[in-house]
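Here's the structure we're looking at; comments come further down.
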Amino acid sequence: MSVEVLEGATIVNFVEDEEAFNVSVCDRFAHLEMDHDGRLSYTEMLKELQGLRVFETHFGVDVKIDPDNLIGVYTSLFEQFDHDLNGTVDLEEFKAETKQMMLAIANGMGFLPVQMVLEEDSLLRKAVERESSKLGA
């Protein structure tokens, strides 16, 4: 993990750089897709969904959630990615929903810099790295 400063424009620019975004999303998809069938099952995607930390509250303290409610939330999140509702997520569905999610994060952040703790292999971290390399060039 690392502490980074980013703003909405960093994320938008990353998403709009189709080459950088597609490479990063394809890498993430390949990392998650354990059985190499070209699709993500709910089980394969569960860790990624859990990594979204949708139940975090102030200062990283987790909320205790009823396990049945938790399953419902993760199922609903999975269905957001599974556009054709066939029970799996293909690469195009994954790209499209990841793009929407990243743009929603950017929209929520706005254009004021925010300091965040980012996991090394996260797409937000990739956006920061891309911006840093562009500024250093």
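In the structure tokens, each chain is lettered A, B, ... as it comes, each chain's residues begin at 1, and ligands are numbered from 1 in order of appearance.
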
Please give the complete set of residues from stretch 3-137 of chain A that DSSP, run on the backbone, assigns to alpha helix (DSSP H), formatted as an mmCIF file with N, CA and C atoms, in the first residue's frame.
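Heads up, here's the output in out.cif:
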```cif
data_model
loop_
_atom_site.group_PDB
_atom_site.id
_atom_site.type_symbol
_atom_site.label_atom_id
_atom_site.label_comp_id
_atom_site.auth_asym_id
_atom_site.auth_seq_id
_atom_site.Cartn_x
_atom_site.Cartn_y
_atom_site.Cartn_z
ATOM 1 N N GLY A 8 -9.996 13.905 -9.255
ATOM 2 C CA GLY A 8 -10.857 13.324 -10.271
ATOM 3 C C GLY A 8 -10.238 13.328 -11.657
ATOM 4 N N ALA A 9 -9.527 14.386 -11.997
ATOM 5 C CA ALA A 9 -8.924 14.487 -13.329
ATOM 6 C C ALA A 9 -7.902 13.380 -13.571
ATOM 7 N N THR A 10 -7.193 12.964 -12.531
ATOM 8 C CA THR A 10 -6.222 11.875 -12.656
ATOM 9 C C THR A 10 -6.916 10.610 -13.140
ATOM 10 N N ILE A 11 -8.062 10.328 -12.559
ATOM 11 C CA ILE A 11 -8.821 9.126 -12.906
ATOM 12 C C ILE A 11 -9.431 9.259 -14.298
ATOM 13 N N VAL A 12 -10.036 10.401 -14.582
ATOM 14 C CA VAL A 12 -10.657 10.626 -15.897
ATOM 15 C C VAL A 12 -9.613 10.496 -17.004
ATOM 16 N N ASN A 13 -8.436 11.105 -16.811
ATOM 17 C CA ASN A 13 -7.389 11.020 -17.821
ATOM 18 C C ASN A 13 -6.928 9.579 -18.032
ATOM 19 N N PHE A 14 -6.854 8.813 -16.972
ATOM 20 C CA PHE A 14 -6.474 7.401 -17.069
ATOM 21 C C PHE A 14 -7.514 6.623 -17.872
ATOM 22 N N VAL A 15 -8.786 6.816 -17.557
ATOM 23 C CA VAL A 15 -9.864 6.114 -18.263
ATOM 24 C C VAL A 15 -9.894 6.517 -19.740
ATOM 25 N N GLU A 16 -9.645 7.785 -20.023
ATOM 26 C CA GLU A 16 -9.675 8.269 -21.405
ATOM 27 C C GLU A 16 -8.462 7.816 -22.217
ATOM 28 N N GLU A 18 -7.182 5.102 -23.583
ATOM 29 C CA GLU A 18 -7.699 3.756 -23.832
ATOM 30 C C GLU A 18 -6.632 2.682 -23.730
ATOM 31 N N GLU A 19 -5.448 2.967 -24.236
ATOM 32 C CA GLU A 19 -4.391 1.952 -24.196
ATOM 33 C C GLU A 19 -4.012 1.613 -22.757
ATOM 34 N N ALA A 20 -3.708 2.616 -21.952
ATOM 35 C CA ALA A 20 -3.305 2.382 -20.561
ATOM 36 C C ALA A 20 -4.441 1.742 -19.766
ATOM 37 N N PHE A 21 -5.652 2.244 -19.950
ATOM 38 C CA PHE A 21 -6.795 1.706 -19.213
ATOM 39 C C PHE A 21 -7.063 0.252 -19.599
ATOM 40 N N ASN A 22 -7.102 -0.025 -20.897
ATOM 41 C CA ASN A 22 -7.394 -1.384 -21.347
ATOM 42 C C ASN A 22 -6.334 -2.383 -20.897
ATOM 43 N N VAL A 23 -5.066 -1.998 -20.967
ATOM 44 C CA VAL A 23 -4.002 -2.895 -20.502
ATOM 45 C C VAL A 23 -4.177 -3.196 -19.018
ATOM 46 N N SER A 24 -4.441 -2.172 -18.227
ATOM 47 C CA SER A 24 -4.604 -2.356 -16.777
ATOM 48 C C SER A 24 -5.826 -3.203 -16.445
ATOM 49 N N VAL A 25 -6.940 -2.958 -17.135
ATOM 50 C CA VAL A 25 -8.161 -3.730 -16.883
ATOM 51 C C VAL A 25 -7.979 -5.178 -17.332
ATOM 52 N N CYS A 26 -7.352 -5.381 -18.469
ATOM 53 C CA CYS A 26 -7.103 -6.756 -18.945
ATOM 54 C C CYS A 26 -6.197 -7.508 -17.978
ATOM 55 N N ASP A 27 -5.176 -6.828 -17.454
ATOM 56 C CA ASP A 27 -4.295 -7.453 -16.465
ATOM 57 C C ASP A 27 -5.069 -7.837 -15.205
ATOM 58 N N ARG A 28 -5.945 -6.940 -14.766
ATOM 59 C CA ARG A 28 -6.737 -7.213 -13.552
ATOM 60 C C ARG A 28 -7.680 -8.389 -13.792
ATOM 61 N N PHE A 29 -8.313 -8.417 -14.948
ATOM 62 C CA PHE A 29 -9.220 -9.496 -15.308
ATOM 63 C C PHE A 29 -8.466 -10.827 -15.310
ATOM 64 N N ALA A 30 -7.292 -10.857 -15.938
ATOM 65 C CA ALA A 30 -6.489 -12.084 -16.009
ATOM 66 C C ALA A 30 -6.070 -12.543 -14.617
ATOM 67 N N HIS A 31 -5.776 -11.600 -13.742
ATOM 68 C CA HIS A 31 -5.399 -11.934 -12.368
ATOM 69 C C HIS A 31 -6.553 -12.603 -11.619
ATOM 70 N N LEU A 32 -7.760 -12.130 -11.856
ATOM 71 C CA LEU A 32 -8.937 -12.665 -11.168
ATOM 72 C C LEU A 32 -9.425 -13.982 -11.761
ATOM 73 N N TYR A 42 -18.840 -15.705 -9.983
ATOM 74 C CA TYR A 42 -19.055 -14.978 -8.729
ATOM 75 C C TYR A 42 -17.917 -15.271 -7.759
ATOM 76 N N THR A 43 -17.526 -16.525 -7.659
ATOM 77 C CA THR A 43 -16.461 -16.925 -6.735
ATOM 78 C C THR A 43 -15.143 -16.255 -7.105
ATOM 79 N N GLU A 44 -14.830 -16.203 -8.397
ATOM 80 C CA GLU A 44 -13.586 -15.570 -8.828
ATOM 81 C C GLU A 44 -13.591 -14.070 -8.546
ATOM 82 N N MET A 45 -14.741 -13.458 -8.616
ATOM 83 C CA MET A 45 -14.838 -12.018 -8.458
ATOM 84 C C MET A 45 -15.073 -11.574 -7.018
ATOM 85 N N LEU A 46 -15.399 -12.507 -6.139
ATOM 86 C CA LEU A 46 -15.771 -12.150 -4.772
ATOM 87 C C LEU A 46 -14.671 -11.375 -4.054
ATOM 88 N N LYS A 47 -13.428 -11.800 -4.167
ATOM 89 C CA LYS A 47 -12.339 -11.093 -3.486
ATOM 90 C C LYS A 47 -12.243 -9.647 -3.966
ATOM 91 N N GLU A 48 -12.406 -9.446 -5.262
ATOM 92 C CA GLU A 48 -12.363 -8.094 -5.820
ATOM 93 C C GLU A 48 -13.524 -7.255 -5.267
ATOM 94 N N LEU A 49 -14.700 -7.837 -5.195
ATOM 95 C CA LEU A 49 -15.858 -7.121 -4.650
ATOM 96 C C LEU A 49 -15.633 -6.780 -3.181
ATOM 97 N N GLN A 50 -15.068 -7.703 -2.442
ATOM 98 C CA GLN A 50 -14.782 -7.453 -1.030
ATOM 99 C C GLN A 50 -13.752 -6.335 -0.890
ATOM 100 N N GLY A 51 -12.837 -6.243 -1.859
ATOM 101 C CA GLY A 51 -11.811 -5.205 -1.844
ATOM 102 C C GLY A 51 -12.361 -3.802 -2.038
ATOM 103 N N PRO A 67 -24.592 -11.570 7.882
ATOM 104 C CA PRO A 67 -24.039 -12.336 6.741
ATOM 105 C C PRO A 67 -25.006 -12.471 5.562
ATOM 106 N N ASP A 68 -26.303 -12.596 5.835
ATOM 107 C CA ASP A 68 -27.274 -12.698 4.740
ATOM 108 C C ASP A 68 -27.341 -11.399 3.943
ATOM 109 N N ASN A 69 -27.277 -10.276 4.639
ATOM 110 C CA ASN A 69 -27.269 -8.978 3.950
ATOM 111 C C ASN A 69 -25.991 -8.806 3.138
ATOM 112 N N LEU A 70 -24.891 -9.278 3.693
ATOM 113 C CA LEU A 70 -23.607 -9.180 3.013
ATOM 114 C C LEU A 70 -23.621 -9.951 1.699
ATOM 115 N N ILE A 71 -24.156 -11.158 1.723
ATOM 116 C CA ILE A 71 -24.268 -11.966 0.508
ATOM 117 C C ILE A 71 -25.133 -11.241 -0.522
ATOM 118 N N GLY A 72 -26.213 -10.636 -0.075
ATOM 119 C CA GLY A 72 -27.089 -9.894 -0.980
ATOM 120 C C GLY A 72 -26.400 -8.717 -1.625
ATOM 121 N N VAL A 73 -25.584 -8.011 -0.859
ATOM 122 C CA VAL A 73 -24.861 -6.852 -1.411
ATOM 123 C C VAL A 73 -23.845 -7.307 -2.448
ATOM 124 N N TYR A 74 -23.074 -8.341 -2.135
ATOM 125 C CA TYR A 74 -22.067 -8.817 -3.089
ATOM 126 C C TYR A 74 -22.722 -9.406 -4.339
ATOM 127 N N THR A 75 -23.853 -10.063 -4.176
ATOM 128 C CA THR A 75 -24.584 -10.584 -5.335
ATOM 129 C C THR A 75 -25.055 -9.433 -6.218
ATOM 130 N N SER A 76 -25.564 -8.384 -5.595
ATOM 131 C CA SER A 76 -26.021 -7.216 -6.343
ATOM 132 C C SER A 76 -24.863 -6.534 -7.076
ATOM 133 N N LEU A 77 -23.728 -6.412 -6.414
ATOM 134 C CA LEU A 77 -22.554 -5.826 -7.067
ATOM 135 C C LEU A 77 -22.111 -6.672 -8.257
ATOM 136 N N PHE A 78 -22.110 -7.985 -8.084
ATOM 137 C CA PHE A 78 -21.740 -8.880 -9.177
ATOM 138 C C PHE A 78 -22.687 -8.691 -10.359
ATOM 139 N N GLU A 79 -23.971 -8.576 -10.072
ATOM 140 C CA GLU A 79 -24.962 -8.399 -11.134
ATOM 141 C C GLU A 79 -24.772 -7.079 -11.876
ATOM 142 N N GLN A 80 -24.204 -6.062 -11.212
ATOM 143 C CA GLN A 80 -23.883 -4.805 -11.897
ATOM 144 C C GLN A 80 -22.878 -5.052 -13.014
ATOM 145 N N PHE A 81 -21.946 -5.973 -12.794
ATOM 146 C CA PHE A 81 -20.944 -6.308 -13.804
ATOM 147 C C PHE A 81 -21.504 -7.263 -14.848
ATOM 148 N N LEU A 91 -14.835 -10.229 -20.354
ATOM 149 C CA LEU A 91 -13.901 -9.106 -20.333
ATOM 150 C C LEU A 91 -14.577 -7.795 -20.713
ATOM 151 N N GLU A 92 -15.440 -7.813 -21.717
ATOM 152 C CA GLU A 92 -16.098 -6.574 -22.136
ATOM 153 C C GLU A 92 -17.024 -6.030 -21.047
ATOM 154 N N GLU A 93 -17.748 -6.903 -20.368
ATOM 155 C CA GLU A 93 -18.601 -6.470 -19.252
ATOM 156 C C GLU A 93 -17.735 -5.891 -18.138
ATOM 157 N N PHE A 94 -16.626 -6.565 -17.857
ATOM 158 C CA PHE A 94 -15.714 -6.118 -16.805
ATOM 159 C C PHE A 94 -15.146 -4.744 -17.134
ATOM 160 N N LYS A 95 -14.710 -4.551 -18.383
ATOM 161 C CA LYS A 95 -14.173 -3.250 -18.810
ATOM 162 C C LYS A 95 -15.228 -2.157 -18.684
ATOM 163 N N ALA A 96 -16.421 -2.425 -19.198
ATOM 164 C CA ALA A 96 -17.479 -1.412 -19.211
ATOM 165 C C ALA A 96 -17.865 -0.988 -17.792
ATOM 166 N N GLU A 97 -18.041 -1.943 -16.914
ATOM 167 C CA GLU A 97 -18.467 -1.600 -15.556
ATOM 168 C C GLU A 97 -17.329 -0.981 -14.758
ATOM 169 N N THR A 98 -16.106 -1.441 -14.999
ATOM 170 C CA THR A 98 -14.949 -0.841 -14.325
ATOM 171 C C THR A 98 -14.800 0.615 -14.752
ATOM 172 N N LYS A 99 -15.007 0.880 -16.026
ATOM 173 C CA LYS A 99 -14.942 2.258 -16.529
ATOM 174 C C LYS A 99 -15.993 3.120 -15.831
ATOM 175 N N GLN A 100 -17.227 2.619 -15.747
ATOM 176 C CA GLN A 100 -18.293 3.377 -15.084
ATOM 177 C C GLN A 100 -17.969 3.621 -13.612
ATOM 178 N N MET A 101 -17.437 2.606 -12.957
ATOM 179 C CA MET A 101 -17.091 2.719 -11.543
ATOM 180 C C MET A 101 -15.976 3.757 -11.350
ATOM 181 N N MET A 102 -14.954 3.716 -12.196
ATOM 182 C CA MET A 102 -13.846 4.666 -12.085
ATOM 183 C C MET A 102 -14.328 6.099 -12.337
ATOM 184 N N LEU A 103 -15.191 6.278 -13.331
ATOM 185 C CA LEU A 103 -15.707 7.616 -13.612
ATOM 186 C C LEU A 103 -16.606 8.113 -12.477
ATOM 187 N N ALA A 104 -17.337 7.213 -11.844
ATOM 188 C CA ALA A 104 -18.167 7.602 -10.688
ATOM 189 C C ALA A 104 -17.283 8.042 -9.521
ATOM 190 N N ILE A 105 -16.178 7.347 -9.313
ATOM 191 C CA ILE A 105 -15.236 7.744 -8.259
ATOM 192 C C ILE A 105 -14.682 9.128 -8.576
ATOM 193 N N ALA A 106 -14.281 9.338 -9.833
ATOM 194 C CA ALA A 106 -13.740 10.638 -10.240
ATOM 195 C C ALA A 106 -14.766 11.742 -10.041
ATOM 196 N N ASN A 107 -16.002 11.475 -10.413
ATOM 197 C CA ASN A 107 -17.066 12.460 -10.260
ATOM 198 C C ASN A 107 -17.287 12.795 -8.788
ATOM 199 N N GLY A 108 -17.263 11.784 -7.948
ATOM 200 C CA GLY A 108 -17.452 11.996 -6.513
ATOM 201 C C GLY A 108 -16.316 12.773 -5.877
ATOM 202 N N MET A 109 -15.107 12.574 -6.386
ATOM 203 C CA MET A 109 -13.942 13.272 -5.836
ATOM 204 C C MET A 109 -13.886 14.724 -6.265
ATOM 205 N N LEU A 123 -6.417 -0.172 -9.618
ATOM 206 C CA LEU A 123 -6.529 0.687 -10.799
ATOM 207 C C LEU A 123 -6.320 2.158 -10.449
ATOM 208 N N LEU A 124 -6.706 2.556 -9.246
ATOM 209 C CA LEU A 124 -6.445 3.939 -8.838
ATOM 210 C C LEU A 124 -4.945 4.195 -8.757
ATOM 211 N N ARG A 125 -4.212 3.217 -8.260
ATOM 212 C CA ARG A 125 -2.746 3.336 -8.200
ATOM 213 C C ARG A 125 -2.174 3.420 -9.619
ATOM 214 N N LYS A 126 -2.719 2.639 -10.537
ATOM 215 C CA LYS A 126 -2.272 2.686 -11.936
ATOM 216 C C LYS A 126 -2.521 4.074 -12.528
ATOM 217 N N ALA A 127 -3.640 4.700 -12.160
ATOM 218 C CA ALA A 127 -3.940 6.051 -12.644
ATOM 219 C C ALA A 127 -2.908 7.054 -12.134
ATOM 220 N N VAL A 128 -2.538 6.924 -10.862
ATOM 221 C CA VAL A 128 -1.524 7.814 -10.282
ATOM 222 C C VAL A 128 -0.174 7.595 -10.956
ATOM 223 N N GLU A 129 0.199 6.335 -11.177
ATOM 224 C CA GLU A 129 1.474 6.026 -11.837
ATOM 225 C C GLU A 129 1.513 6.612 -13.251
ATOM 226 N N ARG A 130 0.404 6.500 -13.959
ATOM 227 C CA ARG A 130 0.327 7.034 -15.318
ATOM 228 C C ARG A 130 0.542 8.543 -15.288
ATOM 229 N N GLU A 131 -0.143 9.225 -14.366
ATOM 230 C CA GLU A 131 0.001 10.673 -14.273
ATOM 231 C C GLU A 131 1.430 11.059 -13.902
ATOM 232 N N SER A 132 2.009 10.345 -12.973
ATOM 233 C CA SER A 132 3.389 10.636 -12.549
ATOM 234 C C SER A 132 4.369 10.461 -13.703
ATOM 235 N N SER A 133 4.177 9.408 -14.501
ATOM 236 C CA SER A 133 5.091 9.178 -15.625
ATOM 237 C C SER A 133 4.929 10.274 -16.691
ATOM 238 N N LYS A 134 3.706 10.748 -16.879
ATOM 239 C CA LYS A 134 3.459 11.819 -17.862
ATOM 240 C C LYS A 134 4.102 13.134 -17.385
ATOM 241 N N LEU A 135 4.006 13.410 -16.069
ATOM 242 C CA LEU A 135 4.585 14.642 -15.533
ATOM 243 C C LEU A 135 6.102 14.577 -15.526
ATOM 244 N N GLY A 136 6.665 13.374 -15.333
ATOM 245 C CA GLY A 136 8.110 13.218 -15.308
ATOM 246 C C GLY A 136 8.755 13.235 -16.681
#
```

Review point. Where does DSSP see strand (DSSP E or B) in stretch 15-132 of chain A, if you list the residues as a PyMOL selection string?
Key: chain A and resi 39-40+56+62+89-90+114-118

Would you mind exporting N, CA and C atoms of the selected residues as a short mmCIF file (atom, residue, chain, number, x, y, z; two decimals), in the first residue's frame?
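Generated file (out_22.cif):
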```
data_model
loop_
_atom_site.label_atom_id
_atom_site.label_comp_id
_atom_site.auth_asym_id
_atom_site.auth_seq_id
_atom_site.Cartn_x
_atom_site.Cartn_y
_atom_site.Cartn_z
N ARG A 39 -14.06 -15.98 -18.54
CA ARG A 39 -15.19 -15.39 -17.81
C ARG A 39 -14.89 -15.40 -16.32
N LEU A 40 -15.45 -14.45 -15.62
CA LEU A 40 -15.32 -14.41 -14.17
C LEU A 40 -16.60 -14.94 -13.54
N GLU A 56 -17.05 0.04 4.88
CA GLU A 56 -16.10 0.75 5.72
C GLU A 56 -16.75 2.05 6.21
N ASP A 62 -14.56 -1.14 10.30
CA ASP A 62 -15.60 -1.89 9.60
C ASP A 62 -16.89 -1.97 10.41
N VAL A 89 -19.06 -12.94 -15.83
CA VAL A 89 -18.68 -11.62 -16.34
C VAL A 89 -17.56 -11.83 -17.35
N ASP A 90 -17.80 -11.41 -18.59
CA ASP A 90 -16.74 -11.51 -19.59
C ASP A 90 -15.90 -10.23 -19.57
N VAL A 114 -7.10 14.78 -3.11
CA VAL A 114 -7.46 13.97 -1.96
C VAL A 114 -6.31 13.01 -1.69
N GLN A 115 -5.93 12.88 -0.44
CA GLN A 115 -4.90 11.93 -0.07
C GLN A 115 -5.56 10.61 0.27
N MET A 116 -5.09 9.51 -0.35
CA MET A 116 -5.71 8.20 -0.17
C MET A 116 -4.63 7.14 0.01
N VAL A 117 -4.99 6.09 0.74
CA VAL A 117 -4.15 4.90 0.81
C VAL A 117 -4.61 3.97 -0.30
N LEU A 118 -3.67 3.59 -1.18
CA LEU A 118 -4.00 2.77 -2.34
C LEU A 118 -3.21 1.47 -2.32
#
```

Point to revise | Between atom CA of A:His36 and atom CA of A:Asp17, distance in Å (one decimal) | key: 26.8 Å

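Interatomic distance, atom CA of A:Glu7 against atom CA of A:Glu119: 16.6 Å.
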
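Across the structure, atom CA of A:Leu85 and atom CA of A:Asp35 are spaced 19.9 Å apart.
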